[in-house]
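Next up, query16.pdb (PDB, C-alpha atoms):
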```pdb
ATOM      1  CA  MET T   1     -29.408  22.402  14.628  1.00  0.00           C
ATOM      2  CA  THR T   2     -26.956  19.516  14.442  1.00  0.00           C
ATOM      3  CA  GLU T   3     -24.986  18.958  17.624  1.00  0.00           C
ATOM      4  CA  ARG T   4     -21.385  20.056  17.276  1.00  0.00           C
ATOM      5  CA  ILE T   5     -18.625  17.569  17.994  1.00  0.00           C
ATOM      6  CA  ASP T   6     -15.270  18.646  19.378  1.00  0.00           C
ATOM      7  CA  TYR T   7     -12.677  16.668  17.427  1.00  0.00           C
ATOM      8  CA  ARG T   8     -10.393  14.686  19.684  1.00  0.00           C
ATOM      9  CA  GLY T   9      -7.995  12.983  17.346  1.00  0.00           C
ATOM     10  CA  GLU T  10      -4.419  12.099  18.142  1.00  0.00           C
ATOM     11  CA  GLY T  11      -3.051  14.957  16.077  1.00  0.00           C
ATOM     12  CA  LEU T  12       0.230  15.048  14.192  1.00  0.00           C
ATOM     13  CA  THR T  13       3.361  15.948  16.132  1.00  0.00           C
ATOM     14  CA  PRO T  14       6.579  17.191  14.476  1.00  0.00           C
ATOM     15  CA  GLU T  15       8.246  13.892  15.378  1.00  0.00           C
ATOM     16  CA  GLN T  16       5.636  12.013  13.338  1.00  0.00           C
ATOM     17  CA  VAL T  17       6.261  13.997  10.135  1.00  0.00           C
ATOM     18  CA  PRO T  18       8.716  12.217   7.789  1.00  0.00           C
ATOM     19  CA  ALA T  19      10.941  13.869   5.193  1.00  0.00           C
ATOM     20  CA  GLU T  20       8.780  12.448   2.372  1.00  0.00           C
ATOM     21  CA  PRO T  21       5.003  11.930   2.436  1.00  0.00           C
ATOM     22  CA  TRP T  22       4.877   8.225   1.529  1.00  0.00           C
ATOM     23  CA  PRO T  23       5.571   6.700   4.978  1.00  0.00           C
ATOM     24  CA  LEU T  24       2.742   8.733   6.500  1.00  0.00           C
ATOM     25  CA  VAL T  25       0.347   7.991   3.623  1.00  0.00           C
ATOM     26  CA  ARG T  26       0.999   4.276   4.033  1.00  0.00           C
ATOM     27  CA  ALA T  27       0.710   4.377   7.838  1.00  0.00           C
ATOM     28  CA  TRP T  28      -2.600   6.229   7.818  1.00  0.00           C
ATOM     29  CA  VAL T  29      -4.149   3.994   5.160  1.00  0.00           C
ATOM     30  CA  ASP T  30      -2.927   0.902   7.032  1.00  0.00           C
ATOM     31  CA  LEU T  31      -4.582   2.161  10.220  1.00  0.00           C
ATOM     32  CA  ALA T  32      -7.872   2.825   8.420  1.00  0.00           C
ATOM     33  CA  GLU T  33      -7.796  -0.696   6.961  1.00  0.00           C
ATOM     34  CA  GLU T  34      -7.083  -2.138  10.405  1.00  0.00           C
ATOM     35  CA  ARG T  35     -10.029  -0.280  11.925  1.00  0.00           C
ATOM     36  CA  GLN T  36     -12.281  -1.687   9.215  1.00  0.00           C
ATOM     37  CA  ARG T  37     -11.136  -5.253   9.846  1.00  0.00           C
ATOM     38  CA  GLU T  38     -11.083  -5.185  13.626  1.00  0.00           C
ATOM     39  CA  HIS T  39     -13.732  -2.686  14.662  1.00  0.00           C
ATOM     40  CA  GLY T  40     -15.999  -2.115  11.669  1.00  0.00           C
ATOM     41  CA  GLU T  41     -16.095   1.633  12.285  1.00  0.00           C
ATOM     42  CA  LEU T  42     -14.769   2.398   8.792  1.00  0.00           C
ATOM     43  CA  ARG T  43     -16.879   0.846   6.053  1.00  0.00           C
ATOM     44  CA  GLU T  44     -14.878   2.038   3.044  1.00  0.00           C
ATOM     45  CA  PRO T  45     -11.353   3.067   4.049  1.00  0.00           C
ATOM     46  CA  HIS T  46     -10.406   3.330   0.358  1.00  0.00           C
ATOM     47  CA  LEU T  47     -13.224   5.720  -0.593  1.00  0.00           C
ATOM     48  CA  ILE T  48     -11.557   8.745  -2.206  1.00  0.00           C
ATOM     49  CA  THR T  49     -13.280  11.882  -3.466  1.00  0.00           C
ATOM     50  CA  ILE T  50     -11.877  12.743  -6.890  1.00  0.00           C
ATOM     51  CA  ALA T  51     -12.199  16.299  -8.225  1.00  0.00           C
ATOM     52  CA  THR T  52     -11.788  17.155 -11.908  1.00  0.00           C
ATOM     53  CA  VAL T  53     -12.355  20.198 -14.135  1.00  0.00           C
ATOM     54  CA  ASP T  54     -14.366  20.058 -17.361  1.00  0.00           C
ATOM     55  CA  ALA T  55     -13.594  21.755 -20.681  1.00  0.00           C
ATOM     56  CA  ASP T  56     -15.509  24.879 -19.561  1.00  0.00           C
ATOM     57  CA  GLY T  57     -13.508  25.201 -16.359  1.00  0.00           C
ATOM     58  CA  MET T  58     -16.302  23.945 -14.080  1.00  0.00           C
ATOM     59  CA  PRO T  59     -15.189  21.688 -11.207  1.00  0.00           C
ATOM     60  CA  ASP T  60     -16.822  18.387 -10.379  1.00  0.00           C
ATOM     61  CA  ALA T  61     -16.270  15.792  -7.673  1.00  0.00           C
ATOM     62  CA  ARG T  62     -17.374  12.267  -6.912  1.00  0.00           C
ATOM     63  CA  GLY T  63     -16.490   9.389  -4.619  1.00  0.00           C
ATOM     64  CA  VAL T  64     -14.687   6.401  -6.131  1.00  0.00           C
ATOM     65  CA  LEU T  65     -12.764   3.512  -4.642  1.00  0.00           C
ATOM     66  CA  MET T  66      -8.987   3.829  -4.575  1.00  0.00           C
ATOM     67  CA  ARG T  67      -7.781   0.686  -6.343  1.00  0.00           C
ATOM     68  CA  PHE T  68      -4.085   1.534  -6.552  1.00  0.00           C
ATOM     69  CA  LEU T  69      -1.743   3.015  -3.978  1.00  0.00           C
ATOM     70  CA  ASP T  70       2.028   3.101  -4.166  1.00  0.00           C
ATOM     71  CA  PRO T  71       4.712   5.821  -4.183  1.00  0.00           C
ATOM     72  CA  ARG T  72       3.549   6.862  -7.664  1.00  0.00           C
ATOM     73  CA  GLY T  73       0.274   8.112  -6.161  1.00  0.00           C
ATOM     74  CA  PRO T  74      -3.300   6.926  -5.543  1.00  0.00           C
ATOM     75  CA  GLY T  75      -5.268   5.569  -8.486  1.00  0.00           C
ATOM     76  CA  PHE T  76      -8.705   4.393  -9.565  1.00  0.00           C
ATOM     77  CA  VAL T  77     -10.440   2.703 -12.488  1.00  0.00           C
ATOM     78  CA  SER T  78     -13.218   4.003 -14.700  1.00  0.00           C
ATOM     79  CA  SER T  79     -14.696   3.866 -18.172  1.00  0.00           C
ATOM     80  CA  THR T  80     -13.181   6.125 -20.797  1.00  0.00           C
ATOM     81  CA  SER T  81     -16.775   7.095 -21.666  1.00  0.00           C
ATOM     82  CA  SER T  82     -17.364   8.516 -18.177  1.00  0.00           C
ATOM     83  CA  ALA T  83     -17.661  12.206 -17.334  1.00  0.00           C
ATOM     84  CA  LYS T  84     -14.445  12.178 -15.320  1.00  0.00           C
ATOM     85  CA  ALA T  85     -12.554  10.657 -18.240  1.00  0.00           C
ATOM     86  CA  ALA T  86     -13.826  13.451 -20.515  1.00  0.00           C
ATOM     87  CA  HIS T  87     -12.729  16.024 -17.940  1.00  0.00           C
ATOM     88  CA  LEU T  88      -9.268  14.511 -17.696  1.00  0.00           C
ATOM     89  CA  GLU T  89      -8.963  14.520 -21.472  1.00  0.00           C
ATOM     90  CA  ALA T  90      -9.727  18.246 -21.508  1.00  0.00           C
ATOM     91  CA  ASN T  91      -7.820  19.164 -18.352  1.00  0.00           C
ATOM     92  CA  PRO T  92      -5.395  16.461 -17.155  1.00  0.00           C
ATOM     93  CA  VAL T  93      -5.316  17.671 -13.558  1.00  0.00           C
ATOM     94  CA  MET T  94      -7.142  16.358 -10.516  1.00  0.00           C
ATOM     95  CA  ALA T  95      -7.303  16.238  -6.757  1.00  0.00           C
ATOM     96  CA  GLY T  96      -8.314  13.499  -4.350  1.00  0.00           C
ATOM     97  CA  VAL T  97      -9.266  13.361  -0.668  1.00  0.00           C
ATOM     98  CA  LEU T  98      -9.260  10.346   1.640  1.00  0.00           C
ATOM     99  CA  THR T  99     -11.408  11.137   4.683  1.00  0.00           C
ATOM    100  CA  TRP T 100     -11.728   8.923   7.755  1.00  0.00           C
ATOM    101  CA  VAL T 101     -14.217  10.596  10.079  1.00  0.00           C
ATOM    102  CA  PRO T 102     -13.883   8.128  13.006  1.00  0.00           C
ATOM    103  CA  LEU T 103     -10.114   8.729  13.010  1.00  0.00           C
ATOM    104  CA  PHE T 104     -10.395  12.520  12.599  1.00  0.00           C
ATOM    105  CA  ARG T 105      -7.948  12.258   9.716  1.00  0.00           C
ATOM    106  CA  ALA T 106      -7.803  13.130   6.024  1.00  0.00           C
ATOM    107  CA  ILE T 107      -5.216  13.224   3.244  1.00  0.00           C
ATOM    108  CA  ARG T 108      -5.453  15.627   0.300  1.00  0.00           C
ATOM    109  CA  PHE T 109      -3.662  14.865  -2.972  1.00  0.00           C
ATOM    110  CA  ARG T 110      -3.249  17.339  -5.849  1.00  0.00           C
ATOM    111  CA  GLY T 111      -1.464  16.895  -9.148  1.00  0.00           C
ATOM    112  CA  ARG T 112      -1.653  15.846 -12.746  1.00  0.00           C
ATOM    113  CA  ALA T 113      -3.601  12.891 -14.110  1.00  0.00           C
ATOM    114  CA  ALA T 114      -1.487   9.965 -15.294  1.00  0.00           C
ATOM    115  CA  ARG T 115      -2.896   6.945 -17.115  1.00  0.00           C
ATOM    116  CA  ILE T 116      -2.093   3.643 -15.436  1.00  0.00           C
ATOM    117  CA  ALA T 117      -0.421   1.017 -17.627  1.00  0.00           C
ATOM    118  CA  ALA T 118      -2.865  -1.396 -19.254  1.00  0.00           C
ATOM    119  CA  GLU T 119      -1.178  -4.447 -17.727  1.00  0.00           C
ATOM    120  CA  GLU T 120      -1.685  -3.048 -14.204  1.00  0.00           C
ATOM    121  CA  VAL T 121      -5.328  -2.292 -14.907  1.00  0.00           C
ATOM    122  CA  ASP T 122      -5.864  -5.762 -16.396  1.00  0.00           C
ATOM    123  CA  ARG T 123      -4.208  -7.377 -13.384  1.00  0.00           C
ATOM    124  CA  TYR T 124      -6.589  -5.525 -11.074  1.00  0.00           C
ATOM    125  CA  TRP T 125      -9.541  -6.565 -13.278  1.00  0.00           C
ATOM    126  CA  THR T 126      -8.899 -10.232 -12.522  1.00  0.00           C
ATOM    127  CA  GLU T 127      -9.318  -9.465  -8.796  1.00  0.00           C
ATOM    128  CA  ARG T 128     -12.792  -7.970  -9.184  1.00  0.00           C
ATOM    129  CA  PRO T 129     -15.825 -10.058  -8.173  1.00  0.00           C
ATOM    130  CA  TRP T 130     -17.786 -11.589 -11.039  1.00  0.00           C
ATOM    131  CA  GLY T 131     -20.748  -9.265 -10.437  1.00  0.00           C
ATOM    132  CA  SER T 132     -18.561  -6.162 -10.626  1.00  0.00           C
ATOM    133  CA  GLN T 133     -17.002  -7.389 -13.854  1.00  0.00           C
ATOM    134  CA  VAL T 134     -20.383  -8.002 -15.479  1.00  0.00           C
ATOM    135  CA  GLY T 135     -21.674  -4.704 -14.138  1.00  0.00           C
ATOM    136  CA  ALA T 136     -18.842  -2.863 -15.888  1.00  0.00           C
ATOM    137  CA  TRP T 137     -20.055  -4.318 -19.196  1.00  0.00           C
ATOM    138  CA  ALA T 138     -23.707  -3.505 -18.471  1.00  0.00           C
ATOM    139  CA  SER T 139     -23.183   0.172 -17.683  1.00  0.00           C
ATOM    140  CA  ARG T 140     -22.092   2.901 -20.075  1.00  0.00           C
ATOM    141  CA  GLN T 141     -20.864   5.080 -17.260  1.00  0.00           C
ATOM    142  CA  SER T 142     -22.255   8.620 -16.885  1.00  0.00           C
ATOM    143  CA  HIS T 143     -24.677   8.231 -19.826  1.00  0.00           C
ATOM    144  CA  PRO T 144     -28.484   8.415 -19.470  1.00  0.00           C
ATOM    145  CA  VAL T 145     -30.558   5.263 -19.041  1.00  0.00           C
ATOM    146  CA  ALA T 146     -34.322   5.019 -19.494  1.00  0.00           C
ATOM    147  CA  SER T 147     -34.921   3.039 -16.315  1.00  0.00           C
ATOM    148  CA  ARG T 148     -33.418   0.809 -13.653  1.00  0.00           C
ATOM    149  CA  GLY T 149     -35.007  -2.096 -15.483  1.00  0.00           C
ATOM    150  CA  GLU T 150     -33.035  -1.350 -18.650  1.00  0.00           C
ATOM    151  CA  LEU T 151     -29.786  -1.426 -16.697  1.00  0.00           C
ATOM    152  CA  GLU T 152     -30.676  -4.706 -14.989  1.00  0.00           C
ATOM    153  CA  ALA T 153     -31.686  -6.230 -18.332  1.00  0.00           C
ATOM    154  CA  ALA T 154     -28.259  -5.331 -19.740  1.00  0.00           C
ATOM    155  CA  PHE T 155     -26.644  -6.997 -16.730  1.00  0.00           C
ATOM    156  CA  ASP T 156     -28.691 -10.148 -17.306  1.00  0.00           C
ATOM    157  CA  ARG T 157     -27.616 -10.318 -20.971  1.00  0.00           C
ATOM    158  CA  TYR T 158     -23.945 -10.169 -20.096  1.00  0.00           C
ATOM    159  CA  ALA T 159     -24.441 -12.600 -17.209  1.00  0.00           C
ATOM    160  CA  VAL T 160     -25.734 -15.144 -19.752  1.00  0.00           C
ATOM    161  CA  ARG T 161     -22.768 -14.420 -22.008  1.00  0.00           C
ATOM    162  CA  TRP T 162     -20.269 -15.033 -19.190  1.00  0.00           C
ATOM    163  CA  PRO T 163     -21.942 -17.216 -16.525  1.00  0.00           C
ATOM    164  CA  GLU T 164     -20.687 -17.023 -12.957  1.00  0.00           C
ATOM    165  CA  ASP T 165     -19.612 -20.665 -13.106  1.00  0.00           C
ATOM    166  CA  GLY T 166     -16.900 -19.709 -15.605  1.00  0.00           C
ATOM    167  CA  SER T 167     -18.176 -22.137 -18.238  1.00  0.00           C
ATOM    168  CA  ALA T 168     -17.668 -19.496 -20.965  1.00  0.00           C
ATOM    169  CA  GLY T 169     -14.264 -18.504 -19.647  1.00  0.00           C
ATOM    170  CA  PRO T 170     -13.269 -15.460 -17.608  1.00  0.00           C
ATOM    171  CA  VAL T 171     -15.055 -12.137 -18.104  1.00  0.00           C
ATOM    172  CA  PRO T 172     -12.723  -9.941 -20.184  1.00  0.00           C
ATOM    173  CA  PRO T 173     -12.303  -6.234 -19.410  1.00  0.00           C
ATOM    174  CA  PRO T 174     -14.376  -3.894 -21.608  1.00  0.00           C
ATOM    175  CA  GLU T 175     -12.473  -2.027 -24.307  1.00  0.00           C
ATOM    176  CA  ASP T 176     -13.160   1.283 -22.530  1.00  0.00           C
ATOM    177  CA  TRP T 177     -11.765   0.048 -19.196  1.00  0.00           C
ATOM    178  CA  ALA T 178      -8.921   2.268 -17.924  1.00  0.00           C
ATOM    179  CA  GLY T 179      -7.192   3.600 -14.861  1.00  0.00           C
ATOM    180  CA  TRP T 180      -5.718   6.902 -13.712  1.00  0.00           C
ATOM    181  CA  ARG T 181      -3.529   7.925 -10.829  1.00  0.00           C
ATOM    182  CA  ILE T 182      -2.661  11.300  -9.323  1.00  0.00           C
ATOM    183  CA  ASP T 183       0.927  12.248 -10.099  1.00  0.00           C
ATOM    184  CA  CYS T 184       1.109  14.321  -6.940  1.00  0.00           C
ATOM    185  CA  THR T 185       2.562  17.805  -6.755  1.00  0.00           C
ATOM    186  CA  SER T 186       1.293  18.296  -3.198  1.00  0.00           C
ATOM    187  CA  VAL T 187       0.021  16.114  -0.346  1.00  0.00           C
ATOM    188  CA  GLU T 188      -1.597  17.504   2.790  1.00  0.00           C
ATOM    189  CA  PHE T 189      -2.304  15.652   6.030  1.00  0.00           C
ATOM    190  CA  TRP T 190      -5.160  16.851   8.255  1.00  0.00           C
ATOM    191  CA  ALA T 191      -5.603  15.639  11.831  1.00  0.00           C
ATOM    192  CA  GLY T 192      -8.594  16.901  13.808  1.00  0.00           C
ATOM    193  CA  ARG T 193      -7.912  18.332  17.258  1.00  0.00           C
ATOM    194  CA  ALA T 194      -9.999  19.912  20.001  1.00  0.00           C
ATOM    195  CA  SER T 195     -11.126  23.558  19.855  1.00  0.00           C
ATOM    196  CA  ARG T 196     -10.607  23.570  16.064  1.00  0.00           C
ATOM    197  CA  LEU T 197      -6.827  23.645  16.522  1.00  0.00           C
ATOM    198  CA  HIS T 198      -6.367  20.962  13.927  1.00  0.00           C
ATOM    199  CA  ASP T 199      -2.949  19.855  12.695  1.00  0.00           C
ATOM    200  CA  ARG T 200      -2.230  20.436   8.997  1.00  0.00           C
ATOM    201  CA  VAL T 201       1.046  19.497   7.315  1.00  0.00           C
ATOM    202  CA  LYS T 202       1.470  20.127   3.604  1.00  0.00           C
ATOM    203  CA  PHE T 203       4.158  18.535   1.431  1.00  0.00           C
ATOM    204  CA  THR T 204       5.058  20.231  -1.859  1.00  0.00           C
ATOM    205  CA  ARG T 205       7.119  18.491  -4.516  1.00  0.00           C
ATOM    206  CA  VAL T 206      10.199  20.514  -5.416  1.00  0.00           C
ATOM    207  CA  ALA T 207      11.933  17.988  -7.688  1.00  0.00           C
ATOM    208  CA  GLU T 208      10.991  15.051  -9.880  1.00  0.00           C
ATOM    209  CA  GLY T 209      10.087  11.844  -8.091  1.00  0.00           C
ATOM    210  CA  GLY T 210       7.441   9.842  -6.313  1.00  0.00           C
ATOM    211  CA  LEU T 211       5.971  10.131  -2.852  1.00  0.00           C
ATOM    212  CA  ASP T 212       9.009   8.340  -1.429  1.00  0.00           C
ATOM    213  CA  THR T 213      11.774  10.164  -3.325  1.00  0.00           C
ATOM    214  CA  VAL T 214      14.412  11.552  -0.975  1.00  0.00           C
ATOM    215  CA  GLY T 215      14.976  15.273  -1.437  1.00  0.00           C
ATOM    216  CA  ALA T 216      11.953  15.775  -3.701  1.00  0.00           C
ATOM    217  CA  TRP T 217       9.648  17.220  -1.039  1.00  0.00           C
ATOM    218  CA  GLU T 218       9.401  20.155   1.336  1.00  0.00           C
ATOM    219  CA  SER T 219       6.874  20.336   4.148  1.00  0.00           C
ATOM    220  CA  VAL T 220       5.271  23.151   6.108  1.00  0.00           C
ATOM    221  CA  ARG T 221       2.795  23.239   8.975  1.00  0.00           C
ATOM    222  CA  LEU T 222      -0.341  25.250   8.171  1.00  0.00           C
ATOM    223  CA  GLN T 223      -2.725  27.024  10.474  1.00  0.00           C
ATOM    224  CA  PRO T 224      -6.148  25.374  10.672  1.00  0.00           C
TER     225      PRO T 224
END
```
Could you write out this file's structure as structure tokens?
Amino acid sequence: MTERIDYRGEGLTPEQVPAEPWPLVRAWVDLAEERQREHGELREPHLITIATVDADGMPDARGVLMRFLDPRGPGFVSSTSSAKAAHLEANPVMAGVLTWVPLFRAIRFRGRAARIAAEEVDRYWTERPWGSQVGAWASRQSHPVASRGELEAAFDRYAVRWPEDGSAGPVPPPEDWAGWRIDCTSVEFWAGRASRLHDRVKFTRVAEGGLDTVGAWESVRLQP
């Protein structure tokens, strides 16, 4: 049996809970990024588990990298041919969880799916490494492939089309390249504590606005 670990995080005191969720979202993500840079204990501080629901009402979840984060909510990029894109077309709702085990912290986001403006997605595309850009062209996301070799051969074809030296110009984004963000209706902060007496604070949106909108949120402390 796996050895149990008694969580000994810093917790979340009432004084640390703001009126709106954004300051705490930003502070926790900043800390996770700092731990990655300075201590290496967090390999992917932006890894977010995204849950969607398909046309038959079946849930699904997968880890993706959070590529956008501002008071409008966390966001990611994907192909419109992917399974998650099909789910969001059928049911435009989703949830996301950022989990940082070494910090004994997690943030849960729930809400509706909102497409990110094309210019924002294109701006992010220019920041991607060359290999990731070519890989996006080589893969028809979520669709079957005969072998690993077939996928690598597709990568090689596009690598010839747009060499890494830039001699053919920059790699353009594929036509099916898109982004979504969670237009949050609730945000919950989880902080692990000893003896399973974890701290949980849930924000619920009660008026229109973003994560930083004054008066748009109410919070409550939940039992663990």
Exactly which residues make up the result of the PyMOL selection byres ((chain T and resi 62) around 9) on this file, given as a list in words?
Ile48, Thr49, Ile50, Ala51, Thr52, Asp60, Ala61, Gly63, Val64 and Lys84 of chain T
Given the choices T:Leu69, T:Leu197, T:Ala136, T:Ala146, which gets closest to Gly210 in chain T if the distance is worked out from only C-alpha atoms?
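Of the candidates, the smallest distance to Gly210 in chain T is held by T:Leu69.
For the pair CA of Asp183 in chain T and CA of Glu20 in chain T, the interatomic distance is 14.7 Å.
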Chain and number of each residue from the PyMOL selection byres ((chain T and resi 83) around 10), as a count of residues only:
17
Write out as an MDAnalysis selection string the residues lying within 12 Å of Trp137 in chain T, counting only C-alpha atoms and excluding same-chain residues fewer than 4 positions away.
chainID T and resid 78:79 130:133 141 151:159 161:162 171:177
In Å to one decimal, how far is CA of Glu34 in chain T from CA of Arg221 in chain T?
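Going from CA of Arg221 in chain T over to CA of Glu34 in chain T covers 27.3 Å.
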T:Arg67, T:Arg140, T:Arg112, T:Arg72: which is nearest Glu127 in chain T, counting all atoms listed in the file?
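Ranking T:Arg67, T:Arg140, T:Arg112, T:Arg72 by distance to Glu127 in chain T, first place goes to T:Arg67.
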Just want the 9 Å neighbourhood of Tyr124 in chain T, counted on only C-alpha atoms, with same-chain residues fewer than 4 positions away dropped. Output as number ranges by chain.
T: 67-68, 119-120, 128
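The residue that comes closest to Cys184 in chain T, out of T:Phe203, T:Trp217, T:Phe109, T:Phe76 and on the basis of all atoms listed in the file, is T:Phe109.
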What is the CA of Ala178 in chain T to CA of Asp70 in chain T distance in Å?
17.6 Å
Result set of the PyMOL selection byres ((chain T and resi 180) around 7) on the coordinates above, as a ChimeraX atom specification:
/T:75-77,113-116,179,181-182
Using only C-alpha atoms, determine which residues lie at most 12 Å from Glu188 in chain T, disregarding the query and same-chain residues fewer than 4 positions distant; provide the list as a PyMOL selection string.
chain T and resi 12+17+20-22+24-25+95-99+105-111+184+199-205+211+217-222
